[in-house]
Amino acid sequence: MPGFISGLAAARRARRHSGLVPAVVIGLYLLVAVAGPLLIAYDPVQTPLENRLLPPGAATSTGGTNLLGTDALGRDVFAQVVYGARTSVLIGLTTVAVCLVAGVAIGCIAGYYRGWVDSVLTRLVDILQAFPGILLAIVIAGVFTPSLWVIILALSVTGWISFARMARSVVLSVRERYWIDAARLMGVRPRRLLGRHIMPFTVGPLVAMATLEFALVVLAEAGLSFLGIGLPASSVSWGQTVANGKEYLSSAWWISAAPGLALSVLVVSVGLLGDTLTARYGRARSR
């Protein structure tokens with residue numbers, strides 16, 4: 001019996017710390033995205049052809065060492081992975097922030113006021129959901145000149161829907177609580193009622209959802225860049241680097257393998273952290 005109890009305690013501690021490793025990995029990515037480009041000099045436009053297709057660890061014509069080799073144009077793959085981390089993190093955080101603000105605002109308004117306001121906003125969500133989000137992103141990215149803000153706009157067109165649905169469902173359940181009725185009877189204005197008494201209940205679920213949406217945004221940006229309709233050639237993206245190496249998989253596998261591995265580790269880590277947060281806040285709401 002004591003052994004069984006200690007086993008249960010160990011299992012609970014393991015579940016409690018299950019999000020620690022993914023959080024550390026994500027923290028390392030954030031550190032690389034912020035500090036990496038400041039320590040590594042890299043020009044994505046420069047193409048030193050004398051260093052093309054060097055394997056990992058090979059010496060360059062200037063006497064340096066390429067940790068992850070070079071691509072078909074002689075560009076350092078390690079530097080592309082580092083600069084690509086900044087691009088993915090910047091686009092992911094900005095897009096999630098835009099979707100979070102827009103989605104929460106729309107969801108809270110629809111859930112609190114209900115009636116025709118809720119009906120109009122719900123129909124808008126239904127119309128947008130009828131179109132695949134990635135298809136709309138491809139259309140928008142293909143119509144406009146490639147840039148960072150075009151990619152953020154393309155990924156935000158439907159990205160706010162999940163936040164709006166989550167916020168609306170939480171507001172619909174919370175607005176019927178007794179303290180909300182008491183505050184309403186005391187004359188508290190709807191804006192303050194939403195901001196002070198209802199919005200705090202949406203923080204936990206929305207944070208958990210934001211981590212999962214971040215992973216989806218990073219994957220979508222890499223996919224658009226892989227197709228050639230993402231960022232311009234003067235920017236560095238993991239999707240671009242993977243696309244540049246697809247013709248050399250048999251002879252220079254490191255070109256696509258390095259950014260592909262970096263992308264996979266980030267997405268898996270964010271997904272694991274999101275699952276942990278979702279499970280934790282889900283149990284908290286059910287009590």
# chains A, B, ... in the order shown; residues from 1 in each chain; ligands from 1

call {"tool": "residues_around", "arguments": {"residues": "A:Leu219", "least_positions_apart": "5", "cutoff": "10 Å", "atoms": "only C-alpha atoms", "output": "PyMOL selection string"}}
result
chain A and resi 88+92+213-214+224-225+238-239+263-264+266-267

call {"tool": "select_by_dssp", "arguments": {"residues": "stretch 12-53 of chain A", "states": "helix (DSSP H, G or I)", "output": "PyMOL selection string"}}
result
chain A and resi 12-16+20-39+49-51

call {"tool": "write_last_selection", "arguments": {"atoms": "N, CA and C atoms", "output": "mmCIF file, in the first residue's frame"}}
result
data_model
loop_
_atom_site.group_PDB
_atom_site.id
_atom_site.type_symbol
_atom_site.label_atom_id
_atom_site.label_comp_id
_atom_site.auth_asym_id
_atom_site.auth_seq_id
_atom_site.Cartn_x
_atom_site.Cartn_y
_atom_site.Cartn_z
ATOM 1 N N ARG A 12 1.657 12.028 -10.041
ATOM 2 C CA ARG A 12 1.116 13.384 -9.984
ATOM 3 C C ARG A 12 2.209 14.423 -10.182
ATOM 4 N N ARG A 13 3.385 14.171 -9.575
ATOM 5 C CA ARG A 13 4.489 15.107 -9.770
ATOM 6 C C ARG A 13 4.938 15.127 -11.217
ATOM 7 N N ALA A 14 4.928 13.968 -11.868
ATOM 8 C CA ALA A 14 5.328 13.912 -13.274
ATOM 9 C C ALA A 14 4.353 14.699 -14.149
ATOM 10 N N ARG A 15 3.041 14.555 -13.865
ATOM 11 C CA ARG A 15 2.062 15.324 -14.634
ATOM 12 C C ARG A 15 2.194 16.808 -14.358
ATOM 13 N N ARG A 16 2.526 17.152 -13.102
ATOM 14 C CA ARG A 16 2.654 18.564 -12.753
ATOM 15 C C ARG A 16 3.815 19.217 -13.479
ATOM 16 N N LEU A 20 7.294 21.300 -18.200
ATOM 17 C CA LEU A 20 8.543 21.999 -17.935
ATOM 18 C C LEU A 20 9.515 21.883 -19.103
ATOM 19 N N VAL A 21 9.683 20.659 -19.626
ATOM 20 C CA VAL A 21 10.633 20.459 -20.726
ATOM 21 C C VAL A 21 10.219 21.246 -21.970
ATOM 22 N N PRO A 22 8.963 21.150 -22.427
ATOM 23 C CA PRO A 22 8.573 21.983 -23.572
ATOM 24 C C PRO A 22 8.754 23.470 -23.322
ATOM 25 N N ALA A 23 8.488 23.924 -22.095
ATOM 26 C CA ALA A 23 8.662 25.345 -21.794
ATOM 27 C C ALA A 23 10.124 25.756 -21.901
ATOM 28 N N VAL A 24 11.036 24.896 -21.446
ATOM 29 C CA VAL A 24 12.460 25.190 -21.554
ATOM 30 C C VAL A 24 12.889 25.248 -23.020
ATOM 31 N N VAL A 25 12.400 24.300 -23.813
ATOM 32 C CA VAL A 25 12.745 24.285 -25.234
ATOM 33 C C VAL A 25 12.237 25.548 -25.925
ATOM 34 N N ILE A 26 11.004 25.934 -25.625
ATOM 35 C CA ILE A 26 10.452 27.155 -26.221
ATOM 36 C C ILE A 26 11.245 28.377 -25.769
ATOM 37 N N GLY A 27 11.653 28.391 -24.492
ATOM 38 C CA GLY A 27 12.484 29.486 -24.004
ATOM 39 C C GLY A 27 13.802 29.590 -24.757
ATOM 40 N N LEU A 28 14.402 28.456 -25.096
ATOM 41 C CA LEU A 28 15.644 28.459 -25.879
ATOM 42 C C LEU A 28 15.398 29.022 -27.276
ATOM 43 N N TYR A 29 14.286 28.660 -27.871
ATOM 44 C CA TYR A 29 13.956 29.215 -29.188
ATOM 45 C C TYR A 29 13.780 30.729 -29.109
ATOM 46 N N LEU A 30 13.103 31.196 -28.072
ATOM 47 C CA LEU A 30 12.929 32.636 -27.918
ATOM 48 C C LEU A 30 14.271 33.334 -27.731
ATOM 49 N N LEU A 31 15.166 32.710 -26.965
ATOM 50 C CA LEU A 31 16.499 33.288 -26.760
ATOM 51 C C LEU A 31 17.271 33.356 -28.073
ATOM 52 N N VAL A 32 17.202 32.281 -28.850
ATOM 53 C CA VAL A 32 17.883 32.274 -30.148
ATOM 54 C C VAL A 32 17.277 33.315 -31.080
ATOM 55 N N ALA A 33 15.948 33.445 -31.062
ATOM 56 C CA ALA A 33 15.293 34.409 -31.935
ATOM 57 C C ALA A 33 15.668 35.838 -31.590
ATOM 58 N N VAL A 34 15.854 36.127 -30.300
ATOM 59 C CA VAL A 34 16.175 37.491 -29.878
ATOM 60 C C VAL A 34 17.665 37.778 -29.986
ATOM 61 N N ALA A 35 18.495 36.881 -29.451
ATOM 62 C CA ALA A 35 19.928 37.158 -29.353
ATOM 63 C C ALA A 35 20.741 36.578 -30.503
ATOM 64 N N GLY A 36 20.237 35.530 -31.157
ATOM 65 C CA GLY A 36 21.013 34.879 -32.202
ATOM 66 C C GLY A 36 21.442 35.802 -33.328
ATOM 67 N N PRO A 37 20.509 36.517 -33.960
ATOM 68 C CA PRO A 37 20.901 37.413 -35.052
ATOM 69 C C PRO A 37 21.848 38.532 -34.631
ATOM 70 N N LEU A 38 21.889 38.858 -33.349
ATOM 71 C CA LEU A 38 22.815 39.883 -32.879
ATOM 72 C C LEU A 38 24.249 39.363 -32.789
ATOM 73 N N LEU A 39 24.394 38.041 -32.707
ATOM 74 C CA LEU A 39 25.716 37.433 -32.562
ATOM 75 C C LEU A 39 26.238 36.838 -33.862
ATOM 76 N N LEU A 49 29.433 31.720 -53.934
ATOM 77 C CA LEU A 49 29.342 30.452 -54.656
ATOM 78 C C LEU A 49 30.535 29.540 -54.433
ATOM 79 N N GLU A 50 31.668 30.094 -54.008
ATOM 80 C CA GLU A 50 32.833 29.244 -53.750
ATOM 81 C C GLU A 50 32.620 28.335 -52.542
ATOM 82 N N ASN A 51 31.592 28.627 -51.744
ATOM 83 C CA ASN A 51 31.310 27.803 -50.561
ATOM 84 C C ASN A 51 30.059 26.947 -50.735
#

call {"tool": "closest_atom_pairs", "arguments": {"of": "stretch 141-172 of chain A", "to": "stretch 177-189 of chain A", "cutoff": "12 Å", "atoms": "only C-alpha atoms", "output": "CSV"}}
result
residue,atom,partner,partner_atom,distance
A:Val170,CA,A:Arg177,CA,11.5
A:Val171,CA,A:Arg177,CA,10.2
A:Leu172,CA,A:Arg177,CA,9.8

call {"tool": "closest_residue", "arguments": {"among": "A:Ala164, A:Ile140, A:Leu216, A:Val150", "to": "A:Asp126", "atoms": "only C-alpha atoms"}}
result
A:Ala164

call {"tool": "closest_atom_pairs", "arguments": {"of": "stretch 190-230 of chain A", "to": "stretch 244-252 of chain A", "cutoff": "12 Å", "atoms": "only C-alpha atoms", "output": "JSON lines"}}
result
{"residue": "A:Ser225", "atom": "CA", "partner": "A:Asn244", "partner_atom": "CA", "distance": 10.5}
{"residue": "A:Phe226", "atom": "CA", "partner": "A:Asn244", "partner_atom": "CA", "distance": 8.5}
{"residue": "A:Leu227", "atom": "CA", "partner": "A:Asn244", "partner_atom": "CA", "distance": 10.7}
{"residue": "A:Gly228", "atom": "CA", "partner": "A:Asn244", "partner_atom": "CA", "distance": 10.2}

call {"tool": "residues_around", "arguments": {"residues": "A:Leu206", "least_positions_apart": "4", "cutoff": "12 Å", "atoms": "only C-alpha atoms", "output": "PyMOL selection string"}}
result
chain A and resi 96-97+99-101+103-104+107+160+162-170+199-202+210-214+274+277-278+281-282

call {"tool": "write_last_selection", "arguments": {"atoms": "N, CA, C and O atoms", "output": "compact mmCIF listing (two decimals), in the first residue's frame"}}
result
# COMPACT_ATOMS: atom_id res chain seq x y z
N VAL A 96 -0.80 35.72 -33.53
CA VAL A 96 -1.62 35.26 -32.40
C VAL A 96 -2.14 36.46 -31.61
O VAL A 96 -3.29 36.46 -31.15
N ALA A 97 -1.31 37.49 -31.43
CA ALA A 97 -1.75 38.68 -30.70
C ALA A 97 -2.90 39.38 -31.42
O ALA A 97 -3.90 39.77 -30.80
N CYS A 99 -5.01 38.02 -33.63
CA CYS A 99 -6.18 37.14 -33.56
C CYS A 99 -6.79 37.12 -32.17
O CYS A 99 -8.02 37.07 -32.02
N LEU A 100 -5.95 37.16 -31.15
CA LEU A 100 -6.44 37.13 -29.77
C LEU A 100 -7.25 38.38 -29.46
O LEU A 100 -8.37 38.30 -28.91
N VAL A 101 -6.72 39.54 -29.81
CA VAL A 101 -7.43 40.80 -29.52
C VAL A 101 -8.75 40.86 -30.29
O VAL A 101 -9.81 41.15 -29.71
N GLY A 103 -10.45 38.36 -31.75
CA GLY A 103 -11.36 37.28 -31.38
C GLY A 103 -12.01 37.49 -30.03
O GLY A 103 -13.22 37.25 -29.87
N VAL A 104 -11.23 37.92 -29.04
CA VAL A 104 -11.79 38.14 -27.72
C VAL A 104 -12.81 39.27 -27.74
O VAL A 104 -13.88 39.18 -27.12
N GLY A 107 -15.92 37.89 -29.57
CA GLY A 107 -16.58 36.86 -28.77
C GLY A 107 -17.24 37.40 -27.52
O GLY A 107 -18.36 36.97 -27.17
N TRP A 160 -8.70 34.36 -35.95
CA TRP A 160 -9.39 34.91 -34.77
C TRP A 160 -10.65 34.13 -34.41
O TRP A 160 -11.19 34.30 -33.31
N SER A 162 -11.32 30.92 -33.68
CA SER A 162 -11.26 30.02 -32.53
C SER A 162 -11.24 30.79 -31.22
O SER A 162 -11.88 30.38 -30.24
N PHE A 163 -10.57 31.94 -31.19
CA PHE A 163 -10.57 32.77 -29.99
C PHE A 163 -11.96 33.35 -29.73
O PHE A 163 -12.40 33.44 -28.58
N ALA A 164 -12.64 33.76 -30.79
CA ALA A 164 -13.98 34.33 -30.63
C ALA A 164 -14.95 33.28 -30.10
O ALA A 164 -15.77 33.58 -29.22
N ARG A 165 -14.88 32.07 -30.62
CA ARG A 165 -15.79 31.03 -30.16
C ARG A 165 -15.53 30.67 -28.70
O ARG A 165 -16.46 30.45 -27.92
N MET A 166 -14.24 30.60 -28.33
CA MET A 166 -13.90 30.29 -26.95
C MET A 166 -14.38 31.40 -26.01
O MET A 166 -15.00 31.14 -24.97
N ALA A 167 -14.09 32.67 -26.37
CA ALA A 167 -14.50 33.78 -25.51
C ALA A 167 -16.02 33.85 -25.40
O ALA A 167 -16.56 34.10 -24.31
N ARG A 168 -16.71 33.62 -26.50
CA ARG A 168 -18.18 33.67 -26.46
C ARG A 168 -18.75 32.60 -25.54
O ARG A 168 -19.67 32.87 -24.75
N SER A 169 -18.22 31.38 -25.61
CA SER A 169 -18.74 30.31 -24.76
C SER A 169 -18.50 30.58 -23.28
O SER A 169 -19.36 30.32 -22.44
N VAL A 170 -17.33 31.15 -22.95
CA VAL A 170 -17.03 31.46 -21.55
C VAL A 170 -17.93 32.58 -21.06
O VAL A 170 -18.49 32.53 -19.96
N MET A 199 -14.09 39.05 -18.10
CA MET A 199 -12.88 38.79 -18.87
C MET A 199 -11.84 37.93 -18.13
O MET A 199 -11.18 37.09 -18.76
N PRO A 200 -11.64 38.12 -16.82
CA PRO A 200 -10.64 37.27 -16.14
C PRO A 200 -10.89 35.78 -16.28
O PRO A 200 -9.94 34.99 -16.23
N PHE A 201 -12.14 35.37 -16.47
CA PHE A 201 -12.43 33.93 -16.61
C PHE A 201 -12.03 33.39 -17.98
O PHE A 201 -11.98 32.17 -18.16
N THR A 202 -11.75 34.27 -18.92
CA THR A 202 -11.35 33.82 -20.25
C THR A 202 -9.84 33.69 -20.39
O THR A 202 -9.37 33.14 -21.39
N ALA A 210 -3.92 29.91 -27.25
CA ALA A 210 -2.93 30.71 -27.95
C ALA A 210 -1.67 29.91 -28.25
O ALA A 210 -1.05 30.09 -29.31
N THR A 211 -1.27 29.02 -27.34
CA THR A 211 -0.08 28.22 -27.60
C THR A 211 -0.30 27.28 -28.78
O THR A 211 0.59 27.14 -29.64
N LEU A 212 -1.46 26.67 -28.86
CA LEU A 212 -1.75 25.78 -29.98
C LEU A 212 -1.86 26.56 -31.28
O LEU A 212 -1.40 26.10 -32.34
N GLU A 213 -2.48 27.73 -31.24
CA GLU A 213 -2.59 28.55 -32.45
C GLU A 213 -1.22 29.03 -32.90
O GLU A 213 -0.98 29.18 -34.11
N PHE A 214 -0.31 29.28 -31.98
CA PHE A 214 1.03 29.70 -32.34
C PHE A 214 1.71 28.61 -33.18
O PHE A 214 2.36 28.91 -34.19
N GLY A 274 0.86 23.35 -24.92
CA GLY A 274 -0.56 23.69 -25.07
C GLY A 274 -1.47 22.62 -24.51
O GLY A 274 -2.49 22.93 -23.87
N LEU A 277 -1.44 22.98 -20.70
CA LEU A 277 -2.23 24.12 -20.24
C LEU A 277 -3.73 23.86 -20.42
O LEU A 277 -4.54 24.22 -19.57
N THR A 278 -4.08 23.22 -21.54
CA THR A 278 -5.49 22.93 -21.78
C THR A 278 -6.04 21.98 -20.72
O THR A 278 -7.15 22.17 -20.20
N TYR A 281 -6.28 23.95 -17.20
CA TYR A 281 -7.37 24.91 -17.10
C TYR A 281 -8.72 24.26 -17.32
O TYR A 281 -9.75 24.74 -16.86
N GLY A 282 -8.73 23.13 -18.07
CA GLY A 282 -9.98 22.40 -18.25
C GLY A 282 -10.47 21.82 -16.95
O GLY A 282 -11.65 21.87 -16.63

call {"tool": "residues_around", "arguments": {"residues": "A:Val139", "least_positions_apart": "6", "cutoff": "12 Å", "atoms": "only C-alpha atoms", "output": "NGL selection string"}}
result
:A and (131-133 or 145-146 or 150-151 or 153-155 or 157 or 224 or 229-230)

call {"tool": "write_last_selection", "arguments": {"atoms": "N, CA and C atoms", "output": "tab-separated table (two decimals), in the first residue's frame"}}
result
chain	number	residue	atom	x	y	z
A	131	PHE	N	-14.91	28.47	-45.64
A	131	PHE	CA	-13.74	28.46	-46.50
A	131	PHE	C	-12.53	27.96	-45.71
A	132	PRO	N	-11.72	27.07	-46.28
A	132	PRO	CA	-10.50	26.62	-45.59
A	132	PRO	C	-9.58	27.80	-45.31
A	133	GLY	N	-9.11	27.89	-44.07
A	133	GLY	CA	-8.27	29.02	-43.69
A	133	GLY	C	-6.99	29.11	-44.49
A	145	THR	N	1.91	41.87	-52.78
A	145	THR	CA	3.37	41.73	-52.81
A	145	THR	C	3.85	41.08	-51.54
A	146	PRO	N	4.70	40.06	-51.63
A	146	PRO	CA	5.16	39.35	-50.42
A	146	PRO	C	5.82	40.29	-49.43
A	150	VAL	N	1.85	41.22	-44.93
A	150	VAL	CA	0.89	40.50	-45.76
A	150	VAL	C	0.69	39.09	-45.22
A	151	ILE	N	1.78	38.44	-44.80
A	151	ILE	CA	1.67	37.10	-44.22
A	151	ILE	C	0.87	37.15	-42.92
A	153	LEU	N	-1.42	39.33	-42.11
A	153	LEU	CA	-2.83	39.55	-42.49
A	153	LEU	C	-3.46	38.27	-43.02
A	154	ALA	N	-2.73	37.56	-43.88
A	154	ALA	CA	-3.28	36.34	-44.47
A	154	ALA	C	-3.58	35.28	-43.42
A	155	LEU	N	-2.73	35.18	-42.42
A	155	LEU	CA	-2.92	34.17	-41.38
A	155	LEU	C	-3.91	34.60	-40.31
A	157	VAL	N	-6.82	36.27	-41.03
A	157	VAL	CA	-8.18	36.41	-41.57
A	157	VAL	C	-9.15	35.45	-40.90
A	224	LEU	N	3.60	28.45	-46.54
A	224	LEU	CA	3.50	29.50	-47.55
A	224	LEU	C	4.88	29.83	-48.13
A	229	ILE	N	5.19	31.78	-51.87
A	229	ILE	CA	4.26	32.91	-51.81
A	229	ILE	C	4.26	33.52	-50.41
A	230	GLY	N	5.32	33.26	-49.67
A	230	GLY	CA	5.41	33.79	-48.32
A	230	GLY	C	6.23	35.05	-48.28

call {"tool": "atom_distance", "arguments": {"atom1": "atom CA of A:Ala262", "atom2": "atom CA of A:Ala72"}}
result
19.8 Å

call {"tool": "closest_atom_pairs", "arguments": {"of": "stretch 198-224 of chain A", "to": "stretch 82-85 of chain A", "cutoff": "12 Å", "atoms": "only C-alpha atoms", "output": "Markdown table"}}
result
| residue | atom | partner | partner_atom | distance |
| --- | --- | --- | --- | --- |
| A:Val218 | CA | A:Ala85 | CA | 9.9 |
| A:Glu221 | CA | A:Gly84 | CA | 11.0 |
| A:Ala222 | CA | A:Gly84 | CA | 9.7 |

call {"tool": "write_last_selection", "arguments": {"atoms": "N, CA and C atoms", "output": "compact mmCIF listing (two decimals), in the first residue's frame"}}
result
# COMPACT_ATOMS: atom_id res chain seq x y z
N VAL A 218 2.99 29.06 -37.11
CA VAL A 218 4.37 28.79 -37.55
C VAL A 218 4.38 27.79 -38.68
N GLU A 221 3.01 29.53 -41.89
CA GLU A 221 3.99 30.44 -42.50
C GLU A 221 5.08 29.67 -43.23
N ALA A 222 5.55 28.58 -42.63
CA ALA A 222 6.56 27.76 -43.29
C ALA A 222 6.01 27.15 -44.58

call {"tool": "closest_residue", "arguments": {"among": "A:Asp118, A:Val268, A:Ala220, A:Asp43", "to": "A:Leu135", "atoms": "only C-alpha atoms"}}
result
A:Ala220

call {"tool": "closest_residue", "arguments": {"among": "A:Gly64, A:Gly271, A:Gly260, A:Gly142", "to": "A:Ala208", "atoms": "only C-alpha atoms"}}
result
A:Gly271

call {"tool": "residues_around", "arguments": {"residues": "A:Pro190", "least_positions_apart": "4", "cutoff": "10 Å", "atoms": "only C-alpha atoms", "output": "list in words"}}
result
Ile109, Tyr112, Tyr113, Ala183, Arg184, Leu194, Gly195, Arg196 and His197 of chain A

call {"tool": "closest_residue", "arguments": {"among": "A:Ser156, A:Thr241, A:Thr62, A:Ser147", "to": "A:Pro48", "atoms": "only C-alpha atoms"}}
result
A:Thr62

call {"tool": "atom_distance", "arguments": {"atom1": "atom CA of A:Thr47", "atom2": "atom CA of A:Ala141"}}
result
26.4 Å

call {"tool": "select_by_dssp", "arguments": {"residues": "stretch 43-256 of chain A", "states": "strand (DSSP E or B)", "output": "CSV table (one decimal) with N, CA and C atoms, in the first residue's frame"}}
result
chain,number,residue,atom,x,y,z
A,59,ALA,N,35.2,23.7,-43.7
A,59,ALA,CA,35.8,25.0,-43.6
A,59,ALA,C,35.5,25.8,-44.9
A,65,THR,N,34.1,28.1,-40.2
A,65,THR,CA,33.6,26.8,-40.1
A,65,THR,C,32.0,26.9,-40.2
A,70,THR,N,26.4,24.5,-46.0
A,70,THR,CA,25.9,25.6,-46.8
A,70,THR,C,24.9,25.0,-47.9
A,76,ASP,N,25.2,30.1,-45.4
A,76,ASP,CA,25.3,29.3,-44.2
A,76,ASP,C,24.0,28.8,-43.7

call {"tool": "decode", "arguments": {"residues": "stretch 173-211 of chain A", "atoms": "C-alpha atoms", "output": "mmCIF file, in the first residue's frame"}}
result
data_model
loop_
_atom_site.group_PDB
_atom_site.id
_atom_site.type_symbol
_atom_site.label_atom_id
_atom_site.label_comp_id
_atom_site.auth_asym_id
_atom_site.auth_seq_id
_atom_site.Cartn_x
_atom_site.Cartn_y
_atom_site.Cartn_z
ATOM 1 C CA SER A 173 -21.683 30.775 -19.020
ATOM 2 C CA VAL A 174 -20.250 33.445 -16.729
ATOM 3 C CA ARG A 175 -22.796 36.188 -17.445
ATOM 4 C CA GLU A 176 -25.505 34.125 -15.721
ATOM 5 C CA ARG A 177 -23.633 33.878 -12.402
ATOM 6 C CA TYR A 178 -25.158 35.506 -9.353
ATOM 7 C CA TRP A 179 -22.408 38.078 -8.826
ATOM 8 C CA ILE A 180 -22.843 39.289 -12.407
ATOM 9 C CA ASP A 181 -26.548 39.800 -11.764
ATOM 10 C CA ALA A 182 -25.710 41.618 -8.512
ATOM 11 C CA ALA A 183 -23.227 43.907 -10.278
ATOM 12 C CA ARG A 184 -25.761 44.597 -13.020
ATOM 13 C CA LEU A 185 -28.415 45.518 -10.434
ATOM 14 C CA MET A 186 -25.936 47.868 -8.753
ATOM 15 C CA GLY A 187 -25.621 49.781 -12.008
ATOM 16 C CA VAL A 188 -22.194 48.618 -13.138
ATOM 17 C CA ARG A 189 -21.723 49.564 -16.773
ATOM 18 C CA PRO A 190 -21.392 46.766 -19.334
ATOM 19 C CA ARG A 191 -17.865 47.790 -20.315
ATOM 20 C CA ARG A 192 -16.614 47.574 -16.735
ATOM 21 C CA LEU A 193 -18.667 44.452 -16.132
ATOM 22 C CA LEU A 194 -16.972 42.734 -19.063
ATOM 23 C CA GLY A 195 -13.486 43.939 -18.251
ATOM 24 C CA ARG A 196 -13.467 43.376 -14.495
ATOM 25 C CA HIS A 197 -15.929 40.592 -13.756
ATOM 26 C CA ILE A 198 -16.121 38.447 -16.895
ATOM 27 C CA MET A 199 -12.880 38.786 -18.867
ATOM 28 C CA PRO A 200 -10.638 37.273 -16.136
ATOM 29 C CA PHE A 201 -12.433 33.934 -16.610
ATOM 30 C CA THR A 202 -11.349 33.825 -20.254
ATOM 31 C CA VAL A 203 -7.614 34.237 -19.565
ATOM 32 C CA GLY A 204 -6.793 30.616 -18.764
ATOM 33 C CA PRO A 205 -8.574 28.961 -21.718
ATOM 34 C CA LEU A 206 -7.364 31.634 -24.137
ATOM 35 C CA VAL A 207 -3.726 31.289 -23.071
ATOM 36 C CA ALA A 208 -3.933 27.539 -23.599
ATOM 37 C CA MET A 209 -5.500 28.061 -27.024
ATOM 38 C CA ALA A 210 -2.932 30.709 -27.953
ATOM 39 C CA THR A 211 -0.078 28.218 -27.598
#
